[in-house]
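*Asks:* See upload.txt below, with compact mmCIF, C-alpha atoms.
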```txt
# COMPACT_ATOMS: atom_id res chain seq x y z
CA MET A 1 25.60 -20.39 3.60
CA THR A 2 27.82 -22.00 6.20
CA SER A 3 26.67 -22.31 9.80
CA THR A 4 28.42 -21.00 12.89
CA LEU A 5 28.78 -24.41 14.54
CA SER A 6 31.78 -26.61 13.93
CA ALA A 7 31.34 -30.32 13.26
CA PRO A 8 30.90 -32.41 16.42
CA HIS A 9 33.90 -34.18 17.85
CA THR A 10 34.28 -37.80 16.73
CA ALA A 11 33.73 -39.02 20.29
CA ALA A 12 30.40 -37.20 20.46
CA VAL A 13 29.26 -38.84 17.23
CA GLU A 14 30.30 -42.30 18.41
CA GLN A 15 28.51 -41.89 21.74
CA ALA A 16 25.40 -40.37 20.19
CA THR A 17 23.94 -43.58 18.82
CA ASP A 18 22.65 -44.79 22.17
CA LEU A 19 21.37 -41.46 23.47
CA ALA A 20 17.62 -42.15 23.17
CA VAL A 21 17.98 -45.54 24.83
CA LEU A 22 20.01 -43.93 27.60
CA THR A 23 17.58 -41.11 28.34
CA ARG A 24 14.08 -42.50 27.77
CA PRO A 25 13.76 -44.01 31.27
CA ASP A 26 14.21 -40.50 32.71
CA PHE A 27 11.06 -39.16 31.01
CA PRO A 28 7.92 -40.64 32.59
CA LEU A 29 5.50 -38.90 30.20
CA LEU A 30 7.04 -40.65 27.19
CA ALA A 31 6.26 -44.09 28.66
CA GLN A 32 2.48 -43.66 28.45
CA THR A 33 0.19 -45.16 25.84
CA ALA A 34 -2.23 -43.15 23.73
CA CYS A 35 -5.43 -44.03 21.88
CA LEU A 36 -6.18 -47.71 21.30
CA GLY A 37 -3.14 -48.73 23.30
CA GLN A 38 -0.71 -47.17 20.84
CA PRO A 39 2.58 -45.93 22.33
CA LEU A 40 2.65 -42.16 22.58
CA ILE A 41 5.03 -40.49 20.10
CA TYR A 42 5.82 -36.90 21.03
CA LEU A 43 7.20 -34.89 18.11
CA ASP A 44 6.43 -31.37 19.35
CA HIS A 45 9.62 -30.58 21.25
CA ALA A 46 10.01 -27.19 19.54
CA ALA A 47 6.77 -26.09 21.22
CA THR A 48 7.73 -27.40 24.66
CA SER A 49 10.15 -30.03 25.87
CA GLN A 50 9.33 -32.92 28.16
CA LYS A 51 10.81 -32.99 31.66
CA PRO A 52 13.10 -35.66 33.08
CA ARG A 53 12.46 -37.04 36.54
CA GLN A 54 15.52 -35.15 37.81
CA VAL A 55 13.71 -31.88 37.12
CA LEU A 56 10.44 -33.12 38.62
CA GLU A 57 12.30 -34.29 41.73
CA ALA A 58 14.07 -30.92 42.09
CA LEU A 59 10.72 -29.12 42.01
CA GLN A 60 9.21 -31.52 44.51
CA HIS A 61 12.21 -31.28 46.83
CA TYR A 62 12.03 -27.49 46.89
CA TYR A 63 8.36 -27.46 47.86
CA ASP A 64 8.77 -30.35 50.31
CA HIS A 65 11.88 -29.07 52.09
CA ASP A 66 12.94 -25.51 51.20
CA ASN A 67 9.81 -23.52 50.34
CA ALA A 68 10.50 -19.92 51.39
CA ASN A 69 11.06 -16.54 49.81
CA VAL A 70 14.55 -15.74 48.59
CA HIS A 71 17.02 -13.02 49.61
CA ARG A 72 14.77 -11.61 52.34
CA GLY A 73 14.62 -14.08 55.19
CA ALA A 74 17.20 -14.75 57.88
CA HIS A 75 15.99 -18.29 58.58
CA GLN A 76 17.41 -21.52 57.22
CA LEU A 77 14.59 -22.21 54.75
CA SER A 78 15.13 -18.86 53.06
CA ALA A 79 18.87 -19.44 53.03
CA ARG A 80 18.45 -22.81 51.30
CA ALA A 81 15.92 -21.44 48.83
CA THR A 82 18.22 -18.53 48.01
CA GLU A 83 21.16 -20.87 47.54
CA GLY A 84 19.22 -23.04 45.09
CA PHE A 85 17.80 -20.02 43.25
CA GLU A 86 21.18 -18.34 42.79
CA ALA A 87 22.82 -21.65 41.88
CA ALA A 88 20.37 -21.86 38.98
CA ARG A 89 21.51 -18.42 37.84
CA ALA A 90 25.13 -19.57 37.89
CA LYS A 91 24.19 -22.67 35.88
CA ALA A 92 22.46 -20.54 33.24
CA ALA A 93 25.55 -18.33 33.05
CA ALA A 94 27.81 -21.36 32.60
CA LEU A 95 25.51 -22.83 29.94
CA ILE A 96 26.06 -19.85 27.64
CA GLY A 97 29.58 -18.85 28.69
CA ALA A 98 28.56 -15.61 30.39
CA ALA A 99 31.27 -13.64 32.18
CA SER A 100 29.27 -13.51 35.44
CA PRO A 101 25.98 -14.74 36.90
CA ASN A 102 25.17 -11.04 37.41
CA GLU A 103 24.60 -10.89 33.65
CA ILE A 104 21.67 -13.35 33.92
CA VAL A 105 18.28 -11.75 34.58
CA PHE A 106 15.46 -14.16 35.37
CA THR A 107 12.18 -13.53 33.54
CA ARG A 108 8.93 -15.45 33.06
CA ASN A 109 9.96 -16.54 29.57
CA ALA A 110 11.97 -15.44 26.55
CA SER A 111 9.12 -13.21 25.38
CA GLU A 112 9.35 -11.19 28.58
CA ALA A 113 13.13 -11.03 28.20
CA ILE A 114 12.80 -9.46 24.74
CA ASN A 115 10.14 -7.08 26.06
CA LEU A 116 12.54 -6.11 28.84
CA VAL A 117 15.18 -5.07 26.32
CA ALA A 118 12.63 -3.25 24.17
CA ARG A 119 11.19 -1.36 27.12
CA SER A 120 14.35 -0.64 29.04
CA TRP A 121 17.18 -0.36 26.51
CA GLY A 122 14.91 0.57 23.60
CA GLU A 123 13.06 3.46 25.21
CA ALA A 124 16.26 4.84 26.68
CA ASN A 125 18.26 4.71 23.45
CA LEU A 126 16.03 4.88 20.38
CA ARG A 127 14.76 8.06 18.77
CA PRO A 128 12.56 8.74 15.71
CA GLY A 129 14.30 7.47 12.60
CA ASP A 130 16.57 5.01 14.41
CA GLU A 131 16.29 1.52 12.98
CA VAL A 132 15.86 -1.99 14.39
CA LEU A 133 16.74 -4.72 11.90
CA LEU A 134 14.86 -8.02 12.20
CA THR A 135 14.25 -10.94 9.79
CA VAL A 136 11.10 -12.30 8.18
CA MET A 137 11.59 -15.65 9.94
CA GLU A 138 11.20 -14.28 13.46
CA HIS A 139 8.83 -15.68 16.08
CA HIS A 140 6.10 -13.22 17.03
CA SER A 141 7.93 -12.69 20.32
CA ASN A 142 10.77 -11.08 18.36
CA LEU A 143 8.43 -8.98 16.22
CA VAL A 144 5.61 -7.62 18.38
CA PRO A 145 7.76 -6.02 21.15
CA TRP A 146 9.65 -4.04 18.50
CA GLN A 147 6.40 -3.03 16.80
CA LEU A 148 5.17 -1.67 20.12
CA LEU A 149 8.49 0.08 20.62
CA ALA A 150 8.22 1.67 17.17
CA ASP A 151 4.79 3.00 18.12
CA ARG A 152 6.20 4.53 21.29
CA THR A 153 9.48 5.93 19.99
CA GLY A 154 9.11 6.47 16.26
CA CYS A 155 11.93 4.05 15.46
CA VAL A 156 11.77 2.20 12.14
CA LEU A 157 11.65 -1.59 11.70
CA ARG A 158 13.38 -3.26 8.77
CA HIS A 159 13.46 -6.95 7.88
CA ALA A 160 16.13 -9.07 6.20
CA GLY A 161 14.85 -11.69 3.77
CA LEU A 162 15.55 -15.32 2.90
CA THR A 163 17.46 -17.24 0.28
CA GLU A 164 15.73 -19.74 -2.01
CA SER A 165 16.79 -22.56 0.32
CA GLY A 166 15.08 -20.92 3.31
CA GLU A 167 18.17 -19.53 5.03
CA LEU A 168 18.98 -16.01 6.11
CA ASP A 169 19.91 -13.82 3.15
CA LEU A 170 23.09 -12.38 4.58
CA GLU A 171 23.62 -10.05 1.64
CA ASP A 172 20.15 -8.60 2.11
CA LEU A 173 20.86 -8.13 5.81
CA ARG A 174 24.16 -6.45 4.96
CA SER A 175 22.41 -4.08 2.55
CA LYS A 176 19.89 -3.06 5.19
CA LEU A 177 22.48 -2.22 7.83
CA THR A 178 22.92 1.56 7.84
CA GLU A 179 24.31 4.25 10.09
CA ARG A 180 20.78 4.48 11.54
CA THR A 181 20.70 0.80 12.64
CA ARG A 182 20.84 0.59 16.43
CA LEU A 183 19.95 -3.07 17.00
CA VAL A 184 19.85 -6.31 15.03
CA SER A 185 17.55 -8.88 16.67
CA LEU A 186 17.24 -12.37 15.25
CA VAL A 187 16.68 -16.02 16.04
CA GLN A 188 19.64 -18.41 16.14
CA VAL A 189 17.61 -21.42 14.96
CA SER A 190 14.25 -20.85 13.27
CA ASN A 191 11.35 -22.73 14.83
CA THR A 192 9.81 -23.15 11.35
CA LEU A 193 12.65 -23.24 8.83
CA GLY A 194 15.09 -25.02 11.14
CA CYS A 195 17.97 -22.99 9.69
CA LEU A 196 20.95 -22.18 11.91
CA ASN A 197 21.77 -18.52 11.40
CA PRO A 198 25.42 -17.33 11.21
CA ILE A 199 25.20 -15.20 14.35
CA ALA A 200 28.92 -14.49 14.67
CA GLU A 201 29.02 -13.15 11.12
CA VAL A 202 25.86 -11.08 11.68
CA ALA A 203 27.30 -9.70 14.92
CA ALA A 204 30.53 -8.65 13.21
CA LEU A 205 28.55 -6.82 10.52
CA ALA A 206 26.25 -5.19 13.07
CA HIS A 207 29.06 -4.04 15.33
CA ALA A 208 30.94 -2.58 12.36
CA ALA A 209 27.81 -0.50 11.67
CA GLY A 210 27.60 0.57 15.32
CA ALA A 211 24.61 -1.64 16.20
CA LEU A 212 24.01 -4.10 19.02
CA VAL A 213 22.82 -7.71 18.54
CA LEU A 214 20.09 -9.62 20.38
CA VAL A 215 19.85 -13.38 19.86
CA ASP A 216 16.71 -15.44 20.42
CA ALA A 217 18.29 -18.76 21.41
CA CYS A 218 15.15 -20.67 22.45
CA GLN A 219 15.50 -23.25 19.68
CA SER A 220 19.27 -23.60 19.93
CA LEU A 221 20.07 -23.85 23.65
CA PRO A 222 18.60 -27.38 24.14
CA HIS A 223 20.21 -28.75 20.98
CA LEU A 224 23.77 -27.47 20.52
CA PRO A 225 26.55 -25.64 22.37
CA VAL A 226 25.97 -21.87 22.62
CA ASN A 227 28.62 -19.40 23.79
CA VAL A 228 27.83 -15.70 23.88
CA LYS A 229 31.47 -14.68 23.55
CA GLN A 230 31.95 -16.79 20.41
CA LEU A 231 28.69 -15.47 18.97
CA GLY A 232 29.66 -11.86 19.67
CA ALA A 233 26.16 -11.16 21.01
CA ASP A 234 25.15 -8.25 23.24
CA PHE A 235 21.87 -9.75 24.47
CA LEU A 236 20.59 -13.35 24.41
CA VAL A 237 17.29 -14.80 25.59
CA GLY A 238 16.35 -18.33 26.57
CA SER A 239 13.32 -20.21 27.88
CA SER A 240 13.26 -22.93 30.54
CA HIS A 241 10.40 -24.96 29.08
CA LYS A 242 12.37 -25.51 25.85
CA LEU A 243 15.32 -26.72 27.97
CA CYS A 244 13.57 -29.65 29.67
CA GLY A 245 12.76 -27.28 32.53
CA PRO A 246 9.51 -25.91 34.01
CA THR A 247 7.23 -23.40 32.33
CA GLY A 248 6.99 -19.81 33.59
CA MET A 249 10.76 -19.34 33.62
CA GLY A 250 13.25 -17.77 31.23
CA PHE A 251 16.24 -15.49 31.23
CA LEU A 252 17.91 -12.55 29.61
CA TRP A 253 21.66 -12.40 29.26
CA GLY A 254 23.18 -9.01 28.58
CA ARG A 255 26.68 -7.61 28.67
CA GLU A 256 27.15 -6.18 32.15
CA ALA A 257 27.91 -2.64 31.01
CA LEU A 258 24.70 -2.57 28.96
CA LEU A 259 22.58 -3.88 31.83
CA GLU A 260 24.15 -1.40 34.25
CA ALA A 261 23.17 1.50 32.01
CA MET A 262 19.58 0.32 31.47
CA PRO A 263 16.74 1.59 33.70
CA PRO A 264 14.52 -0.92 35.56
CA PHE A 265 11.80 -2.75 33.65
CA LEU A 266 9.27 -3.26 36.48
CA GLY A 267 8.93 -1.66 39.91
CA GLY A 268 8.27 -3.34 43.24
CA GLY A 269 9.96 -5.31 45.94
CA GLU A 270 13.44 -6.80 45.55
CA MET A 271 14.56 -4.50 42.71
CA ILE A 272 15.13 -1.57 45.05
CA GLN A 273 17.95 -0.42 47.30
CA ASP A 274 16.11 2.32 49.24
CA VAL A 275 12.51 3.49 48.97
CA TYR A 276 11.20 6.91 50.06
CA LEU A 277 7.73 8.32 49.63
CA ASP A 278 8.75 10.34 46.58
CA HIS A 279 11.61 8.37 45.01
CA SER A 280 13.63 5.16 45.12
CA THR A 281 17.09 3.87 44.31
CA TRP A 282 17.76 0.59 42.58
CA ALA A 283 19.43 -2.66 43.56
CA GLY A 284 22.51 -3.85 41.74
CA LEU A 285 22.56 -6.40 38.95
CA PRO A 286 20.73 -8.57 38.27
CA HIS A 287 18.11 -7.79 40.90
CA LYS A 288 17.37 -4.34 39.46
CA PHE A 289 15.30 -6.12 36.81
CA GLU A 290 13.59 -8.72 39.04
CA ALA A 291 10.65 -7.08 40.78
CA GLY A 292 8.61 -9.03 43.31
CA THR A 293 8.75 -12.65 44.39
CA PRO A 294 10.33 -14.64 41.57
CA ALA A 295 9.51 -18.11 40.26
CA ILE A 296 11.78 -19.80 42.79
CA GLY A 297 10.84 -23.43 42.28
CA GLU A 298 10.83 -22.96 38.52
CA ALA A 299 14.33 -21.47 38.61
CA ILE A 300 15.59 -24.39 40.66
CA GLY A 301 13.91 -26.77 38.23
CA MET A 302 15.56 -25.00 35.30
CA GLY A 303 18.90 -25.40 37.07
CA ALA A 304 18.29 -29.14 37.33
CA ALA A 305 17.41 -29.23 33.61
CA ILE A 306 20.62 -27.44 32.71
CA ASP A 307 22.56 -29.94 34.82
CA TYR A 308 20.85 -32.76 32.92
CA LEU A 309 21.72 -31.34 29.50
CA GLN A 310 25.28 -30.53 30.54
CA ASP A 311 25.78 -34.04 31.89
CA LEU A 312 24.63 -35.52 28.58
CA GLY A 313 26.79 -33.09 26.63
CA LEU A 314 25.36 -30.68 24.08
CA GLU A 315 27.79 -31.78 21.38
CA ARG A 316 26.61 -35.34 21.92
CA ILE A 317 22.98 -34.23 21.82
CA HIS A 318 23.57 -32.32 18.59
CA ALA A 319 25.33 -35.26 16.95
CA TRP A 320 22.47 -37.64 17.75
CA GLU A 321 19.85 -35.17 16.60
CA GLN A 322 21.72 -34.64 13.32
CA GLN A 323 21.32 -38.37 12.62
CA LEU A 324 17.62 -38.22 13.50
CA THR A 325 17.05 -35.14 11.34
CA ARG A 326 18.57 -36.83 8.29
CA ARG A 327 16.31 -39.82 8.82
CA LEU A 328 13.28 -37.54 9.21
CA PHE A 329 14.05 -35.72 5.97
CA GLU A 330 14.67 -38.94 4.07
CA ARG A 331 11.29 -40.32 5.12
CA LEU A 332 9.38 -37.09 4.45
CA GLN A 333 11.05 -36.43 1.09
CA ALA A 334 9.76 -39.81 -0.12
CA ILE A 335 6.12 -38.69 0.26
CA ASP A 336 4.56 -37.39 -2.93
CA GLY A 337 3.33 -33.78 -2.79
CA LEU A 338 5.00 -33.00 0.55
CA HIS A 339 7.14 -29.85 0.70
CA ILE A 340 9.51 -29.09 3.58
CA LEU A 341 10.31 -25.49 4.53
CA GLY A 342 13.92 -24.47 5.08
CA PRO A 343 17.27 -26.01 4.16
CA THR A 344 17.84 -29.74 3.94
CA PRO A 345 20.53 -31.45 6.04
CA ASP A 346 22.63 -31.64 2.87
CA GLN A 347 22.37 -27.88 2.43
CA GLN A 348 22.96 -27.14 6.12
CA PRO A 349 24.16 -30.12 8.21
CA ASP A 350 23.84 -28.21 11.51
CA ARG A 351 20.22 -27.19 10.92
CA GLY A 352 17.64 -27.64 13.68
CA ALA A 353 16.06 -31.00 14.46
CA LEU A 354 12.65 -30.24 13.00
CA ALA A 355 10.74 -30.25 9.73
CA ALA A 356 7.82 -27.94 8.97
CA PHE A 357 5.98 -29.02 5.84
CA HIS A 358 2.85 -28.60 3.77
CA VAL A 359 1.13 -31.13 1.54
CA ASP A 360 -0.59 -30.41 -1.75
CA GLY A 361 -4.37 -30.43 -1.33
CA VAL A 362 -4.32 -31.33 2.38
CA HIS A 363 -4.66 -28.96 5.35
CA ALA A 364 -2.05 -29.14 8.09
CA ASN A 365 -4.67 -29.15 10.86
CA ASP A 366 -6.36 -32.22 9.38
CA ILE A 367 -3.01 -34.01 9.26
CA ALA A 368 -2.26 -33.21 12.90
CA ALA A 369 -5.74 -34.23 14.08
CA LEU A 370 -5.62 -37.65 12.42
CA LEU A 371 -2.07 -38.31 13.58
CA ASP A 372 -3.16 -37.48 17.13
CA SER A 373 -5.79 -40.21 16.90
CA ALA A 374 -2.88 -42.57 16.19
CA GLY A 375 -0.99 -41.35 19.26
CA ILE A 376 1.43 -39.08 17.40
CA CYS A 377 1.75 -35.49 18.62
CA ILE A 378 2.90 -32.89 16.08
CA ARG A 379 2.22 -29.18 15.66
CA SER A 380 0.03 -27.54 13.04
CA GLY A 381 -0.68 -23.88 12.39
CA HIS A 382 1.59 -20.91 11.82
CA HIS A 383 3.96 -21.71 14.73
CA CYS A 384 3.92 -18.03 15.79
CA THR A 385 5.54 -17.11 12.47
CA GLN A 386 2.63 -15.67 10.50
CA PRO A 387 4.77 -13.27 8.41
CA LEU A 388 7.04 -16.15 7.40
CA HIS A 389 4.06 -18.27 6.35
CA ARG A 390 2.69 -15.34 4.33
CA HIS A 391 6.10 -15.09 2.64
CA TYR A 392 5.54 -18.65 1.40
CA GLY A 393 1.87 -18.06 0.59
CA LEU A 394 0.74 -20.42 3.36
CA SER A 395 -1.78 -20.09 6.16
CA ALA A 396 -0.40 -23.07 8.05
CA SER A 397 2.10 -25.90 8.02
CA ALA A 398 2.58 -29.12 9.96
CA ARG A 399 5.73 -29.53 12.02
CA ALA A 400 7.52 -32.52 13.51
CA SER A 401 10.23 -31.51 15.96
CA LEU A 402 12.69 -33.91 17.56
CA SER A 403 14.70 -34.31 20.73
CA PHE A 404 17.54 -36.50 21.95
CA THR A 405 14.82 -38.77 23.38
CA THR A 406 13.39 -39.43 19.90
CA THR A 407 14.09 -42.87 18.44
CA PRO A 408 14.56 -43.80 14.77
CA GLU A 409 11.62 -46.19 15.11
CA GLU A 410 9.36 -43.30 16.14
CA ILE A 411 10.36 -41.37 13.03
CA ASP A 412 9.61 -44.41 10.86
CA ARG A 413 6.20 -44.94 12.42
CA PHE A 414 5.39 -41.23 12.10
CA ALA A 415 6.27 -41.30 8.40
CA GLU A 416 4.17 -44.40 7.81
CA GLU A 417 1.17 -42.96 9.64
CA LEU A 418 1.63 -39.65 7.82
CA GLN A 419 1.61 -41.37 4.44
CA GLY A 420 -1.58 -43.20 5.36
CA THR A 421 -3.16 -40.02 6.71
CA ILE A 422 -2.40 -38.09 3.52
CA SER A 423 -3.80 -40.88 1.36
CA PHE A 424 -6.98 -41.01 3.46
CA LEU A 425 -7.51 -37.24 3.34
CA ARG A 426 -6.95 -37.13 -0.41
CA GLU A 427 -9.44 -39.93 -0.98
CA HIS A 428 -12.08 -38.19 1.12
CA SER A 429 -11.52 -34.60 0.03
```
Could the structure of this file be written out as C-alpha cells, please?
*Replies:*
Amino acid sequence: MTSTLSAPHTAAVEQATDLAVLTRPDFPLLAQTACLGQPLIYLDHAATSQKPRQVLEALQHYYDHDNANVHRGAHQLSARATEGFEAARAKAAALIGAASPNEIVFTRNASEAINLVARSWGEANLRPGDEVLLTVMEHHSNLVPWQLLADRTGCVLRHAGLTESGELDLEDLRSKLTERTRLVSLVQVSNTLGCLNPIAEVAALAHAAGALVLVDACQSLPHLPVNVKQLGADFLVGSSHKLCGPTGMGFLWGREALLEAMPPFLGGGEMIQDVYLDHSTWAGLPHKFEAGTPAIGEAIGMGAAIDYLQDLGLERIHAWEQQLTRRLFERLQAIDGLHILGPTPDQQPDRGALAAFHVDGVHANDIAALLDSAGICIRSGHHCTQPLHRHYGLSASARASLSFTTTPEEIDRFAEELQGTISFLREHS
C-alpha cells in the first residue's frame, strides 16, 4: 500500500544529516547521565516528547511576566496573556493548514478532543443502527469514547483489519463502509505498527459513502507535514506533549460548519454569551467548547513548540527520521528471534520512526527493565493498543521510538545493549 506523503525534497534530505547535532543543545534533559555514569538514551518519544529550552523559557516567561486570566480582564497582563494564548491557536491552525484559527478548539489532550466529538457531534447525530468505522490498530483513546457512545446511542462499531505486513487493509475498510456508516475514525500513524495510513484515500471513500472522517494525528504531527485540506479530513486531533510542548494541552480541529452545528461539550464560564437563571446562550467558535479557565501557560508553551518544529522544517525532520528508522530496523533485524510489528521501511518508506517488537522466549517488561539499568529508556507493555496486541496473540511488546534529536550512535548502542540483554535473559530463564 502506498502512503499519502510524497518523498521529501532533495534539499530536506541533504540538510537532514546534521539535525541531531543541531538540536541536541536545545534539550537539557538529554544531556544528563544515567546509572553508573552512562549517558541517558531516550527512545520513548512516541509516549511523550522532550522539551527544548525555547518551550521551557516560554512557560517561564508567561508565569514571570504575563500571568493572568485570558479574555476577561481589561488590564495589561490579561491583554498580554490573551495575545499569547490566541497566538498559539493561530500557530496550531497554521501547522495543519486550517482555514481559520476559529476551527481550533483547545482541549486537555487528544483523548479529550475525541471525547468532545463523540459527546457533541455523536450524540446529536447518531441513532440506533448507525455505524462508526474504526480500525483494530487504534489507540484506546480512539476506541473507548466510541464504545461509550455506542452504549448511549445504540450506534454500532465496526473495525477494519490489517494486511499481512501490518498496514491498514484498505479493501476490508472499503467492504465495511455502508450506507449506515456515519463516521470513520482512525490514526494517521500507528503508535505500535508505525504504519502511515492513506488518509486521503480513506477520506475519499468515506465521503462517497456519506460519512465523515476523524484523524488521530498524535504520532504524525511531530514527524511529517500534515495538511487537513490535502487529507480531506473533517476532524483532526493533536496533543501538545507529543509535539515537544507541555502536557495537559491538546486540540481539536473541525470544519467550521460542523463545529457551528455541534452543541457545547462542557458548561461553565467563557463558553457562554448570556446566562439567565433558567437558560443560557453560547459564545461563538471556538470558545463555545472551552469552558472555564484554560491551560494558558501550556497553550503558550505549545505555541513555542510549534514554532520550534516549523523553524526546523517538518520535511527536514521526516527525512532525518527516515534515515534513523532504516538504521534502527537494520540493527534490530540482525537479532535472532526478534520480530518487529508493522511494515518495514522497504515496504513503507514513510512509516513512523519507531519499532515495536517481541522476542522469542523473553518478556518485553524484562527487556525494558534491564535496558533502563543501562540508561536506555524504551517502552514496554501494550502501548494502549490491547486489541491490536490480541490480534497478534501478544500481551506486550517492547518499543523504541525516535525523534530528530536521536543520533545514529544511540541506535547502535541500544542495539548492542539489547542483544546483550536478550542473551542474558535467555541464559537465566
*Asks:* So that I can check the surroundings of Lys51 in chain A, please list as a PyMOL selection string every protein, DNA and RNA residue that reaches within 7 Å of it, counting only C-alpha atoms and ignoring chain neighbours fewer than 6 positions away.
*Replies:* chain A and resi 27+244-245
*Asks:* Taking C-alpha atoms for each residue, export the selection above as a compact mmCIF listing (two decimals), keeping the file's coordinate frame.
*Replies:*
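Dumped to part00.txt:
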```
# COMPACT_ATOMS: atom_id res chain seq x y z
CA PHE A 27 11.06 -39.16 31.01
CA CYS A 244 13.57 -29.65 29.67
CA GLY A 245 12.76 -27.28 32.53
```
*Asks:* Compare A:Ala160, A:Ala113, A:Leu143, A:Ala94 by their minimum atom-to-atom distance to Cys384 in chain A, counting all atoms listed in the file, and give me the closest one.
*Replies:*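 That would be A:Leu143, the residue with the smallest distance to Cys384 in chain A.
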*Asks:* Would you mind listing what lies within 12 Å of range 31-33 of chain A as a PyMOL selection string, with all atoms listed in the file counted and same-chain residues fewer than 4 positions away left out?
*Replies:* chain A and resi 23-27+37-42+50+52+373-376+405
*Asks:* Counting all atoms listed in the file, which residue out of A:Val105, A:Leu277, A:Ala398, A:Leu371 sits closest to His358 in chain A?
*Replies:*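 Of the candidates, the smallest distance to His358 in chain A is held by A:Ala398.
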*Asks:* Given all atoms listed in the file as the basis, pick out the residue of A:Asp336, A:Glu86, A:Glu138, A:Glu270 nearest to Gln219 in chain A.
*Replies:*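 Going through A:Asp336, A:Glu86, A:Glu138, A:Glu270 one by one, the smallest distance to Gln219 in chain A is for A:Glu138.
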*Asks:* Report, in Å with one decimal, the straight-line distance from CA of Ser240 in chain A to CA of Arg327 in chain A.
*Replies:*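 CA of Arg327 in chain A lies at a distance of 27.7 Å from CA of Ser240 in chain A.
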